[in-house]
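S.K.: Attaching a single structure in structure tokens format; questions to follow.
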Amino acid sequence: MRFFSPLLFLAAAGGVYAYNSQQVNQALVLPFMDLIDASSVGNPARQGQLTVQVLIGVAVVLGVRDVYGWWREKGG
């Protein structure tokens, strides 16, 4: 179960990307995307891209943390 969180976030990013690529005027976004990129206000496609990037970033950070923990348990 160690690598469940990174895989869950990657799956969420894939699901958001798939949904957003099918939509024209709406997108699934995280609520703070306008704070990350102020120029994306009113642009759901850009906010959807940022959402996917944030979800992938969280997955990478969690994956690195899990790999490091696994490596330390192995005695590395």
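Each chain in the structure tokens gets a letter, A, B, ..., in the order shown, and its residues are numbered from 1; ligands are numbered from 1 in order too.
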For Val54 in chain A, work out the shell of residues within 10 Å, counting only C-alpha atoms and skipping chain neighbours fewer than 6 positions away, then give it as a short mmCIF file (atom, residue, chain, number, x, y, z; two decimals) with all heavy atoms, in the first residue's frame.

M.R.:
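Output file out_5.cif follows:
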```cif
data_model
loop_
_atom_site.label_atom_id
_atom_site.label_comp_id
_atom_site.auth_asym_id
_atom_site.auth_seq_id
_atom_site.Cartn_x
_atom_site.Cartn_y
_atom_site.Cartn_z
N PHE A 9 -3.12 9.86 -7.16
CA PHE A 9 -3.02 11.21 -7.72
C PHE A 9 -2.76 11.17 -9.23
O PHE A 9 -3.26 12.01 -9.97
CB PHE A 9 -1.96 12.03 -7.00
CG PHE A 9 -2.47 12.70 -5.77
CD1 PHE A 9 -2.40 12.08 -4.54
CD2 PHE A 9 -3.05 13.95 -5.83
CE1 PHE A 9 -2.87 12.69 -3.39
CE2 PHE A 9 -3.54 14.58 -4.70
CZ PHE A 9 -3.45 13.94 -3.47
N ALA A 13 -5.17 12.77 -12.01
CA ALA A 13 -4.68 13.65 -13.07
C ALA A 13 -5.12 13.14 -14.43
O ALA A 13 -5.54 13.93 -15.29
CB ALA A 13 -3.16 13.77 -13.01
N LEU A 30 -9.04 22.68 -9.67
CA LEU A 30 -8.88 22.88 -8.24
C LEU A 30 -9.24 24.33 -7.92
O LEU A 30 -9.08 25.21 -8.76
CB LEU A 30 -7.43 22.59 -7.83
CG LEU A 30 -6.99 21.13 -7.94
CD1 LEU A 30 -5.50 21.00 -7.68
CD2 LEU A 30 -7.77 20.25 -6.99
N MET A 33 -6.62 27.71 -8.60
CA MET A 33 -5.83 27.86 -9.83
C MET A 33 -5.63 29.32 -10.23
O MET A 33 -4.62 29.65 -10.82
CB MET A 33 -6.48 27.09 -10.98
CG MET A 33 -6.43 25.59 -10.83
SD MET A 33 -4.76 24.93 -10.74
CE MET A 33 -4.57 24.61 -9.03
N ILE A 36 -2.44 30.59 -8.61
CA ILE A 36 -1.19 30.10 -9.19
C ILE A 36 -0.85 30.89 -10.44
O ILE A 36 0.30 31.27 -10.65
CB ILE A 36 -1.29 28.59 -9.49
CG1 ILE A 36 -1.36 27.82 -8.19
CG2 ILE A 36 -0.11 28.12 -10.33
CD1 ILE A 36 -1.55 26.34 -8.36
N GLY A 48 -7.65 24.08 -16.24
CA GLY A 48 -7.64 22.62 -16.30
C GLY A 48 -6.24 22.07 -16.49
O GLY A 48 -5.86 21.08 -15.86
N VAL A 60 4.28 13.11 -7.94
CA VAL A 60 5.74 12.95 -7.99
C VAL A 60 6.35 13.13 -6.60
O VAL A 60 7.20 12.34 -6.18
CB VAL A 60 6.36 13.94 -9.01
CG1 VAL A 60 7.86 14.02 -8.86
CG2 VAL A 60 5.98 13.55 -10.42
#
```

S.K.: Got a sec: who's within 9 Å of Val24 in chain A, counting only C-alpha atoms, leaving out chain neighbours fewer than 3 positions off, as a list in words?

M.R.: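 The residues satisfying every condition are Asn20, Ser21, Ala27, Pro44 and Ala45 of chain A.
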
S.K.: Take the residues from that selection and write them out as an mmCIF file, in the first residue's frame, keeping N, CA and C atoms.

M.R.:
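Final file, out.cif:
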```cif
data_model
loop_
_atom_site.group_PDB
_atom_site.id
_atom_site.type_symbol
_atom_site.label_atom_id
_atom_site.label_comp_id
_atom_site.auth_asym_id
_atom_site.auth_seq_id
_atom_site.Cartn_x
_atom_site.Cartn_y
_atom_site.Cartn_z
ATOM 1 N N ASN A 20 -11.423 16.956 -19.142
ATOM 2 C CA ASN A 20 -11.233 18.312 -19.669
ATOM 3 C C ASN A 20 -10.976 18.325 -21.169
ATOM 4 N N SER A 21 -10.387 17.276 -21.697
ATOM 5 C CA SER A 21 -10.138 17.247 -23.141
ATOM 6 C C SER A 21 -11.427 17.038 -23.934
ATOM 7 N N ALA A 27 -14.401 22.998 -17.291
ATOM 8 C CA ALA A 27 -13.291 22.114 -16.942
ATOM 9 C C ALA A 27 -13.348 21.799 -15.458
ATOM 10 N N PRO A 44 -11.063 28.445 -18.587
ATOM 11 C CA PRO A 44 -11.156 27.118 -17.963
ATOM 12 C C PRO A 44 -10.174 26.102 -18.544
ATOM 13 N N ALA A 45 -9.804 26.247 -19.801
ATOM 14 C CA ALA A 45 -8.852 25.302 -20.389
ATOM 15 C C ALA A 45 -7.482 25.433 -19.715
#
```

S.K.: Looking only at the backbone, which of the residues in chain A does DSSP tag as alpha helix (DSSP H), as number ranges by chain?

M.R.: A: 4-22, 33-36, 44-73

S.K.: Mind giving me the straight-line distance from CA of Val29 in chain A to CA of Pro6 in chain A in Å, one decimal?

M.R.: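 About the pair CA of Val29 in chain A and CA of Pro6 in chain A: they are 18.9 Å apart.
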
S.K.: Which is closer to Gly42 in chain A than all the others in A:Gln26, A:Gly57, A:Lys74, A:Ala11, using only C-alpha atoms?

M.R.: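 Closest to Gly42 in chain A of all the choices is A:Gln26.
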
S.K.: Work out how far apart CA of Leu10 in chain A and CA of Thr51 in chain A are and give it in Å to one decimal.

M.R.: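 Distance reported for this atom pair: 11.8 Å.
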